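S.K.: Please find entry-v3.txt (compact mmCIF, C-alpha atoms) on the next line:
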```txt
# COMPACT_ATOMS: atom_id res chain seq x y z
CA MET A 297 -10.16 3.73 -10.11
CA GLY A 298 -7.88 3.45 -7.08
CA ILE A 299 -5.24 5.55 -8.88
CA ILE A 300 -7.80 8.34 -9.40
CA ILE A 301 -9.63 8.21 -6.06
CA SER A 302 -8.26 7.86 -2.54
CA GLU A 303 -10.84 8.52 0.15
CA SER A 304 -12.73 6.79 2.91
CA GLY A 305 -16.17 7.42 1.33
CA VAL A 306 -17.66 7.35 -2.15
CA GLN A 307 -18.46 11.00 -2.83
CA ASN A 308 -15.48 11.50 -5.13
CA LEU A 309 -16.17 8.15 -6.80
CA LYS A 310 -19.62 9.41 -7.74
CA LYS A 311 -18.09 12.57 -9.22
CA GLN A 312 -15.66 10.57 -11.34
CA ILE A 313 -18.43 8.31 -12.66
CA GLU A 314 -20.50 11.37 -13.57
CA LYS A 315 -17.45 12.78 -15.36
CA ILE A 316 -17.29 9.57 -17.42
CA PHE A 317 -20.98 9.91 -18.36
CA ARG A 318 -20.50 13.51 -19.47
CA LYS A 319 -17.42 12.64 -21.52
CA VAL A 320 -19.15 9.70 -23.17
CA ALA A 321 -22.23 11.82 -24.02
CA PHE A 322 -19.98 14.42 -25.62
CA GLU A 323 -18.07 11.82 -27.64
CA ILE A 324 -21.31 10.21 -28.83
CA VAL A 325 -22.62 13.51 -30.14
CA LYS A 326 -19.24 14.35 -31.64
CA ASN A 327 -18.59 10.96 -33.25
CA ASP A 328 -22.08 9.58 -33.82
CA SER A 329 -21.23 8.72 -37.40
CA ASN A 330 -17.71 7.40 -36.76
CA ASP A 331 -17.42 3.76 -35.77
CA ASP A 332 -13.62 3.80 -35.50
CA ASN A 333 -13.13 6.43 -32.82
CA GLU A 334 -10.48 6.01 -30.15
CA VAL A 335 -12.83 5.89 -27.19
CA THR A 336 -14.26 2.59 -28.38
CA VAL A 337 -17.81 3.83 -28.65
CA ASP A 338 -19.68 1.61 -31.11
CA VAL A 339 -22.99 2.92 -32.42
CA LYS A 340 -25.74 0.68 -33.75
CA ALA A 341 -29.17 1.84 -34.88
CA GLU A 342 -32.09 -0.47 -34.91
CA GLU A 343 -35.57 0.37 -36.15
CA ASN A 344 -38.29 -0.84 -33.87
CA GLU A 345 -41.87 -1.01 -34.86
CA VAL A 346 -44.40 0.35 -32.43
CA ARG A 347 -47.40 -1.89 -32.38
CA GLU A 348 -50.72 -0.91 -30.98
CA ASN A 349 -51.92 -2.95 -28.07
CA ASP A 350 -55.23 -4.60 -28.65
CA GLU A 351 -56.51 -3.17 -25.40
CA VAL A 352 -55.70 0.44 -26.42
CA LYS A 353 -58.44 2.17 -28.39
CA SER A 354 -57.43 4.50 -31.15
CA ASN A 355 -58.63 8.09 -30.85
CA SER A 356 -57.64 11.56 -31.93
CA ASP A 357 -55.49 12.11 -28.78
CA VAL A 358 -53.18 9.17 -29.50
CA GLN A 359 -50.61 9.45 -32.25
CA VAL A 360 -48.64 6.40 -33.29
CA VAL A 361 -45.12 7.12 -34.53
CA ASP A 362 -42.13 5.04 -35.59
CA LEU A 363 -39.26 5.16 -33.11
CA CYS A 364 -35.59 4.60 -33.75
CA GLN A 365 -33.82 3.17 -30.73
CA THR A 366 -30.06 3.68 -30.72
CA THR A 367 -27.85 1.39 -28.63
CA PHE A 368 -24.34 2.45 -27.63
CA HIS A 369 -21.70 -0.07 -26.59
CA LEU A 370 -18.94 1.41 -24.46
CA LYS A 371 -15.78 -0.23 -23.16
CA ILE A 372 -13.67 1.55 -20.56
CA LYS A 373 -10.39 -0.19 -19.82
CA PRO A 374 -7.27 0.75 -17.84
CA ASN A 375 -5.51 1.85 -21.02
CA ASN A 376 -8.22 4.39 -21.95
CA LEU A 377 -9.51 5.38 -18.51
CA LYS A 378 -7.41 8.55 -18.47
CA ASP A 379 -9.27 9.74 -21.61
CA PHE A 380 -12.40 9.97 -19.45
CA VAL A 381 -11.19 11.03 -15.98
CA GLY A 382 -7.71 12.43 -16.60
CA SER A 383 -4.26 11.33 -15.51
CA PRO A 384 -3.78 9.33 -12.27
CA LEU A 385 -3.81 11.43 -9.11
CA TYR A 386 -2.66 8.66 -6.78
CA THR A 387 0.07 6.15 -7.52
CA SER A 388 1.68 3.39 -5.47
CA ASP A 389 3.17 4.36 -2.11
CA ARG A 390 6.13 2.08 -2.77
CA MET A 391 9.40 4.02 -2.81
CA TYR A 392 11.80 1.10 -3.26
CA GLU A 393 11.65 -1.87 -5.60
CA THR A 394 14.74 -3.22 -3.85
CA THR A 395 15.41 -1.96 -0.34
CA PRO A 396 19.01 -1.30 0.74
CA ALA A 397 20.27 -2.34 4.17
CA GLY A 398 18.68 -0.17 6.84
CA VAL A 399 15.41 0.48 4.97
CA VAL A 400 12.18 -1.19 6.11
CA MET A 401 8.54 -0.56 5.20
CA GLY A 402 6.01 0.17 7.91
CA LEU A 403 2.33 1.07 7.57
CA ALA A 404 0.45 4.08 8.93
CA TRP A 405 -3.17 5.11 9.40
CA THR A 406 -4.53 8.06 7.41
CA SER A 407 -8.01 9.50 6.92
CA ILE A 408 -8.07 8.25 3.31
CA GLY A 409 -7.20 4.61 3.93
CA GLY A 410 -3.60 4.33 5.12
CA THR A 411 -0.15 4.70 3.60
CA SER A 412 3.25 3.06 3.64
CA LEU A 413 5.80 4.51 6.04
CA TYR A 414 9.44 3.79 5.27
CA ILE A 415 12.14 3.89 7.93
CA GLU A 416 15.61 4.69 6.58
CA SER A 417 18.76 4.28 8.65
CA VAL A 418 22.29 5.05 7.43
CA LEU A 419 25.72 5.63 8.90
CA GLU A 420 26.57 9.31 9.21
CA SER A 421 30.29 8.60 8.74
CA ALA A 422 32.74 5.74 8.54
CA ILE A 423 33.14 3.75 11.75
CA THR A 424 36.35 4.54 13.64
CA ASP A 425 37.56 3.88 17.17
CA ASN A 426 37.20 7.57 18.03
CA LEU A 427 33.64 7.95 16.67
CA LYS A 428 30.99 8.63 19.28
CA PRO A 429 27.90 6.40 18.90
CA GLY A 430 24.48 7.97 18.68
CA LEU A 431 21.15 8.26 16.86
CA GLN A 432 19.84 11.30 15.01
CA GLN A 433 16.15 11.33 14.04
CA THR A 434 14.56 13.42 11.26
CA GLY A 435 11.30 13.43 9.29
CA GLN A 436 9.14 15.75 11.42
CA LEU A 437 8.46 13.09 14.05
CA GLY A 438 6.18 13.72 17.00
CA ASP A 439 7.01 13.07 20.65
CA VAL A 440 5.56 9.56 20.69
CA MET A 441 7.46 8.48 17.57
CA ASN A 442 10.71 10.00 18.83
CA GLU A 443 10.26 8.03 22.02
CA SER A 444 9.63 4.88 19.98
CA ALA A 445 12.87 5.50 18.08
CA ASN A 446 14.85 5.81 21.31
CA ILE A 447 13.34 2.61 22.69
CA ALA A 448 14.03 0.80 19.40
CA TYR A 449 17.64 2.02 19.43
CA THR A 450 18.21 0.75 22.98
CA TYR A 451 16.53 -2.59 22.25
CA ALA A 452 18.42 -3.09 18.97
CA TRP A 453 21.72 -2.44 20.76
CA SER A 454 20.90 -4.96 23.51
CA PHE A 455 19.65 -7.49 20.94
CA VAL A 456 22.94 -7.38 19.03
CA LEU A 457 24.92 -7.73 22.27
CA LYS A 458 23.05 -10.94 23.07
CA LYS A 459 22.76 -12.48 19.61
CA PHE A 460 25.99 -11.25 18.02
CA PRO A 461 28.49 -10.47 20.83
CA ASN A 462 31.33 -9.96 18.33
CA ASN A 463 29.42 -7.26 16.44
CA LYS A 464 30.61 -3.88 17.77
CA PHE A 465 28.49 -1.79 15.38
CA PHE A 466 26.41 0.09 17.95
CA LYS A 467 29.44 0.88 20.10
CA LYS A 468 31.01 2.92 17.30
CA ALA A 469 28.25 3.87 14.86
CA SER A 470 26.75 7.32 14.51
CA ILE A 471 23.37 6.61 12.87
CA HIS A 472 20.95 8.91 11.08
CA MET A 473 17.37 7.59 11.03
CA HIS A 474 14.89 9.32 8.73
CA VAL A 475 11.22 8.90 7.83
CA PRO A 476 10.70 10.26 4.28
CA GLU A 477 8.31 13.06 3.32
CA GLY A 478 9.53 15.42 5.98
CA ALA A 479 6.83 17.97 5.19
CA THR A 480 4.23 15.59 6.64
CA PRO A 481 4.04 15.39 10.47
CA LYS A 482 4.20 11.82 11.80
CA ASP A 483 3.35 10.54 15.24
CA GLY A 484 1.78 7.64 17.08
CA PRO A 485 2.74 4.27 18.56
CA LEU A 486 3.08 2.29 15.35
CA ALA A 487 6.67 2.00 14.14
CA GLY A 488 8.68 0.60 17.04
CA CYS A 489 9.29 -2.81 15.48
CA THR A 490 9.95 -1.21 12.06
CA ILE A 491 12.60 1.13 13.48
CA THR A 492 14.19 -1.75 15.40
CA THR A 493 14.42 -3.84 12.24
CA SER A 494 15.88 -0.93 10.28
CA LEU A 495 18.63 -0.42 12.87
CA LEU A 496 19.35 -4.12 13.35
CA PHE A 497 19.74 -4.99 9.70
CA LEU A 498 21.85 -1.90 9.11
CA ALA A 499 24.16 -3.31 11.78
CA LEU A 500 24.12 -6.74 10.12
CA ASN A 501 24.37 -5.23 6.60
CA TYR A 502 21.44 -7.23 5.21
CA SER A 503 18.63 -5.93 2.99
CA VAL A 504 15.10 -6.66 4.19
CA GLU A 505 12.65 -8.06 1.61
CA SER A 506 10.90 -5.17 -0.18
CA ASN A 507 7.51 -6.98 -0.26
CA LEU A 508 7.48 -7.22 3.54
CA ALA A 509 5.85 -4.66 5.83
CA MET A 510 5.48 -4.64 9.61
CA ILE A 511 3.54 -2.72 12.25
CA GLY A 512 3.61 -2.74 16.01
CA GLU A 513 5.03 -0.89 18.97
CA ILE A 514 7.90 -2.38 20.96
CA THR A 515 8.88 -2.27 24.63
CA LEU A 516 12.39 -2.30 26.08
CA THR A 517 12.08 -6.05 26.62
CA GLY A 518 10.97 -6.73 23.02
CA LYS A 519 7.25 -7.20 23.60
CA ILE A 520 5.17 -6.25 20.52
CA LEU A 521 2.10 -4.24 21.46
CA LYS A 522 -1.32 -3.97 19.82
CA ILE A 523 -1.97 -1.19 17.30
CA GLY A 524 -5.09 0.40 15.79
CA GLY A 525 -6.24 1.05 12.23
CA VAL A 526 -5.73 -2.52 11.00
CA LYS A 527 -8.14 -2.10 8.07
CA GLU A 528 -6.51 1.10 6.83
CA LYS A 529 -3.04 -0.39 7.12
CA ASN A 530 -4.12 -3.43 5.12
CA ILE A 531 -5.40 -1.11 2.40
CA ALA A 532 -2.04 0.67 2.43
CA ALA A 533 -0.26 -2.67 2.05
CA LYS A 534 -2.35 -3.52 -1.01
CA HIS A 535 -1.60 -0.11 -2.57
CA SER A 536 2.12 -0.78 -2.06
CA ALA A 537 1.97 -4.32 -3.51
CA VAL A 538 3.01 -5.90 -0.21
CA SER A 539 2.52 -9.65 0.11
CA LEU A 540 3.61 -10.31 3.72
CA ILE A 541 2.62 -8.27 6.80
CA ILE A 542 3.88 -8.79 10.34
CA PHE A 543 1.22 -7.92 12.94
CA PRO A 544 1.10 -7.96 16.73
CA LYS A 545 -0.49 -11.17 18.00
CA ALA A 546 -3.05 -9.05 19.86
CA ASN A 547 -4.43 -7.82 16.51
CA GLN A 548 -5.31 -11.26 15.14
CA SER A 549 -9.00 -10.83 16.03
CA ASP A 550 -9.02 -7.51 14.13
CA TRP A 551 -7.59 -9.27 11.07
CA ASP A 552 -10.19 -12.05 11.30
CA GLU A 553 -13.01 -9.49 11.21
CA LEU A 554 -11.83 -7.84 7.97
CA LEU A 555 -13.77 -8.44 4.75
CA TYR A 556 -12.21 -10.99 2.42
CA PHE A 557 -11.40 -8.53 -0.38
CA ILE A 558 -9.32 -6.41 2.02
CA LYS A 559 -7.27 -9.45 3.06
CA GLU A 560 -7.03 -10.98 -0.41
CA GLY A 561 -3.42 -11.39 -1.55
CA LEU A 562 -1.98 -10.55 1.89
CA HIS A 563 -0.28 -13.10 4.14
CA PRO A 564 -0.20 -12.12 7.83
CA VAL A 565 2.31 -13.27 10.45
CA PHE A 566 1.29 -12.65 14.06
CA VAL A 567 4.00 -12.20 16.69
CA GLU A 568 4.25 -11.47 20.41
CA TRP A 569 7.99 -10.81 20.75
CA TYR A 570 10.54 -9.10 18.55
CA ASN A 571 12.77 -12.17 18.23
CA GLU A 572 9.91 -13.75 16.21
CA ILE A 573 10.05 -10.83 13.75
CA PHE A 574 13.81 -11.20 13.50
CA GLU A 575 13.51 -14.91 12.68
CA VAL A 576 10.89 -14.28 9.98
CA VAL A 577 12.96 -11.56 8.31
CA LEU A 578 16.21 -13.54 8.56
CA LYS A 579 14.57 -16.69 7.17
CA ILE A 580 13.41 -14.76 4.07
CA ILE A 581 16.89 -13.26 3.61
CA ARG A 582 18.57 -16.68 3.87
CA LEU A 583 16.10 -18.20 1.41
CA LYS A 584 16.72 -15.36 -1.04
CA LEU A 585 20.50 -15.73 -0.75
CA LYS A 586 20.19 -19.48 -1.28
CA LEU A 587 18.12 -18.98 -4.43
CA GLN A 588 20.69 -16.49 -5.73
CA ARG A 589 23.50 -19.02 -5.19
CA VAL A 590 21.49 -21.71 -6.97
CA GLY A 591 20.82 -19.32 -9.84
CA ARG A 592 24.53 -18.59 -10.27
CA THR A 593 25.34 -22.31 -10.48
CA LEU A 594 22.77 -22.99 -13.21
```
Just give me the structure as structure tokens.

M.R.:
Amino acid sequence: MGIIISESGVQNLKKQIEKIFRKVAFEIVKNDSNDDNEVTVDVKAEENEVRENDEVKSNSDVQVVDLCQTTFHLKIKPNNLKDFVGSPLYTSDRMYETTPAGVVMGLAWTSIGGTSLYIESVLESAITDNLKPGLQQTGQLGDVMNESANIAYTYAWSFVLKKFPNNKFFKKASIHMHVPEGATPKDGPLAGCTITTSLLFLALNYSVESNLAMIGEITLTGKILKIGGVKEKNIAAKHSAVSLIIFPKANQSDWDELLYFIKEGLHPVFVEWYNEIFEVVLKIIRLKLKLQRVGRTL
């Protein structure tokens, strides 16, 4: 029912269940003599005898009649659910099955349980010696998120200078960073580490694993700060079929308090500094490249 309903409460769930009951009642009346109907409603009639209880005295006010009790067996499965409640209203938030270099999935809080938030970074033009470096941001970002992007850009540049001194990407690259679904306003301290990763791996020309998501704000020194809405962001990760989530270390207690079915299937990694995120992402990329090389040799 998650593809039909997306809300924090159960009011709409109740409406959808009532819709199923009404549809089933209509189909029973319509097909009460047809055992092979498509909605898998099987009808069986059994005659039950009504026996008088020894303790009940017969009199003129009591009339004993034969009753026919009809039992209906109904099976509602994913493949016939739309026959009862209509086509899916909500689908997966995943935009990419395979993410190109510069694209990373983040997670955001919403009033209906959270959503994925992709960060896309691309070169605006080919790198030349005369090109002026810079960062353009689009996607209807608020002041806080624009500030996060500027901090991430500065940190990513300094990170590359330290880790890869021969990489001159940020000295010559004019970058366009976008957060899809521009009609939706976006703001809040949540995507600093995601933007940093998008910019860094664009510079390194590596694709980040598509089943990986990350959340957390970043400082100019690379410290990863605590965020809110951990439950909603976990729900968003499950909707997007994410298997690995990178969280701020300060949010580990929030994770521990979540109910088991919210955490089921998700593997968290808790970090304090950005270099830990970089090592996790790079380790996955190296493992994936190694498996691809092994596959080509088989």

S.K.: Please identify all polymer residues within 10 Å of stretch 497-504 of chain A, counting only C-alpha atoms, omitting same-chain residues fewer than 3 positions from it, and present them as an mmCIF file with C-alpha atoms, in the frame of the given file.

M.R.:
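Wrote out.cif, looks like this:
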```cif
data_model
loop_
_atom_site.group_PDB
_atom_site.id
_atom_site.type_symbol
_atom_site.label_atom_id
_atom_site.label_comp_id
_atom_site.auth_asym_id
_atom_site.auth_seq_id
_atom_site.Cartn_x
_atom_site.Cartn_y
_atom_site.Cartn_z
ATOM 1 C CA THR A 394 14.740 -3.220 -3.850
ATOM 2 C CA THR A 395 15.410 -1.960 -0.340
ATOM 3 C CA PRO A 396 19.010 -1.300 0.740
ATOM 4 C CA ALA A 397 20.270 -2.340 4.170
ATOM 5 C CA GLY A 398 18.680 -0.170 6.840
ATOM 6 C CA VAL A 399 15.410 0.480 4.970
ATOM 7 C CA VAL A 400 12.180 -1.190 6.110
ATOM 8 C CA MET A 401 8.540 -0.560 5.200
ATOM 9 C CA GLU A 416 15.610 4.690 6.580
ATOM 10 C CA SER A 417 18.760 4.280 8.650
ATOM 11 C CA VAL A 418 22.290 5.050 7.430
ATOM 12 C CA LEU A 419 25.720 5.630 8.900
ATOM 13 C CA ALA A 452 18.420 -3.090 18.970
ATOM 14 C CA TRP A 453 21.720 -2.440 20.760
ATOM 15 C CA VAL A 456 22.940 -7.380 19.030
ATOM 16 C CA PHE A 460 25.990 -11.250 18.020
ATOM 17 C CA ASN A 463 29.420 -7.260 16.440
ATOM 18 C CA LYS A 464 30.610 -3.880 17.770
ATOM 19 C CA PHE A 465 28.490 -1.790 15.380
ATOM 20 C CA PHE A 466 26.410 0.090 17.950
ATOM 21 C CA ALA A 469 28.250 3.870 14.860
ATOM 22 C CA ILE A 471 23.370 6.610 12.870
ATOM 23 C CA THR A 492 14.190 -1.750 15.400
ATOM 24 C CA THR A 493 14.420 -3.840 12.240
ATOM 25 C CA SER A 494 15.880 -0.930 10.280
ATOM 26 C CA ASN A 507 7.510 -6.980 -0.260
ATOM 27 C CA LEU A 508 7.480 -7.220 3.540
ATOM 28 C CA ALA A 509 5.850 -4.660 5.830
ATOM 29 C CA PHE A 574 13.810 -11.200 13.500
ATOM 30 C CA VAL A 577 12.960 -11.560 8.310
ATOM 31 C CA LEU A 578 16.210 -13.540 8.560
ATOM 32 C CA ILE A 580 13.410 -14.760 4.070
ATOM 33 C CA ILE A 581 16.890 -13.260 3.610
ATOM 34 C CA ARG A 582 18.570 -16.680 3.870
#
```

S.K.: With distances taken over all atoms listed in the file, which residue among A:Thr434, A:Ser412, A:Asn446, A:Asn308 lies nearest A:Val381?

M.R.: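 Of A:Thr434, A:Ser412, A:Asn446, A:Asn308, the one nearest A:Val381, counting all atoms listed in the file, is A:Asn308.
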
S.K.: Provide the atom CA of A:Gln548 to atom CA of A:Lys584 distance in Å, to one decimal place.

M.R.: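 Calculated distance between atom CA of A:Gln548 and atom CA of A:Lys584 is 27.6 Å.
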
S.K.: Using all atoms listed in the file, can you tell me which of A:Asn571, A:Asn547, A:Gln312, A:Thr515 comes closest to A:Lys458?

M.R.: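 Smallest distance to A:Lys458 is found for A:Asn571.
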
S.K.: Pick out the residues sitting within 6 Å of stretch 530-533 of chain A, and hand them over as a PyMOL selection string; count all atoms listed in the file, and ignore anything fewer than 4 positions along from it in its own chain.

M.R.: chain A and resi 410-412+538

S.K.: Could you check which residues have any atom within 6 Å of (-8.3, -7.1, 7.2), counting only C-alpha atoms with coordinates taken straight from the file, and then list them as a list in words?

M.R.: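 Protein and nucleic acid residues near the point are Lys527, Asn530, Trp551, Leu554, Ile558 and Lys559 of chain A.
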
S.K.: Which residue is closest to A:Leu413? Choose from A:Arg390, A:Gly382, A:Ile520, A:Phe566 and count only C-alpha atoms.

M.R.: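 Among the listed residues, the smallest separation from A:Leu413 belongs to A:Arg390.
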
S.K.: Could you tell me how far atom CA of A:Lys534 lies from atom CA of A:Leu437, in Å and to one decimal?

M.R.: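 So the two atoms, atom CA of A:Lys534 and atom CA of A:Leu437, lie 24.9 Å apart.
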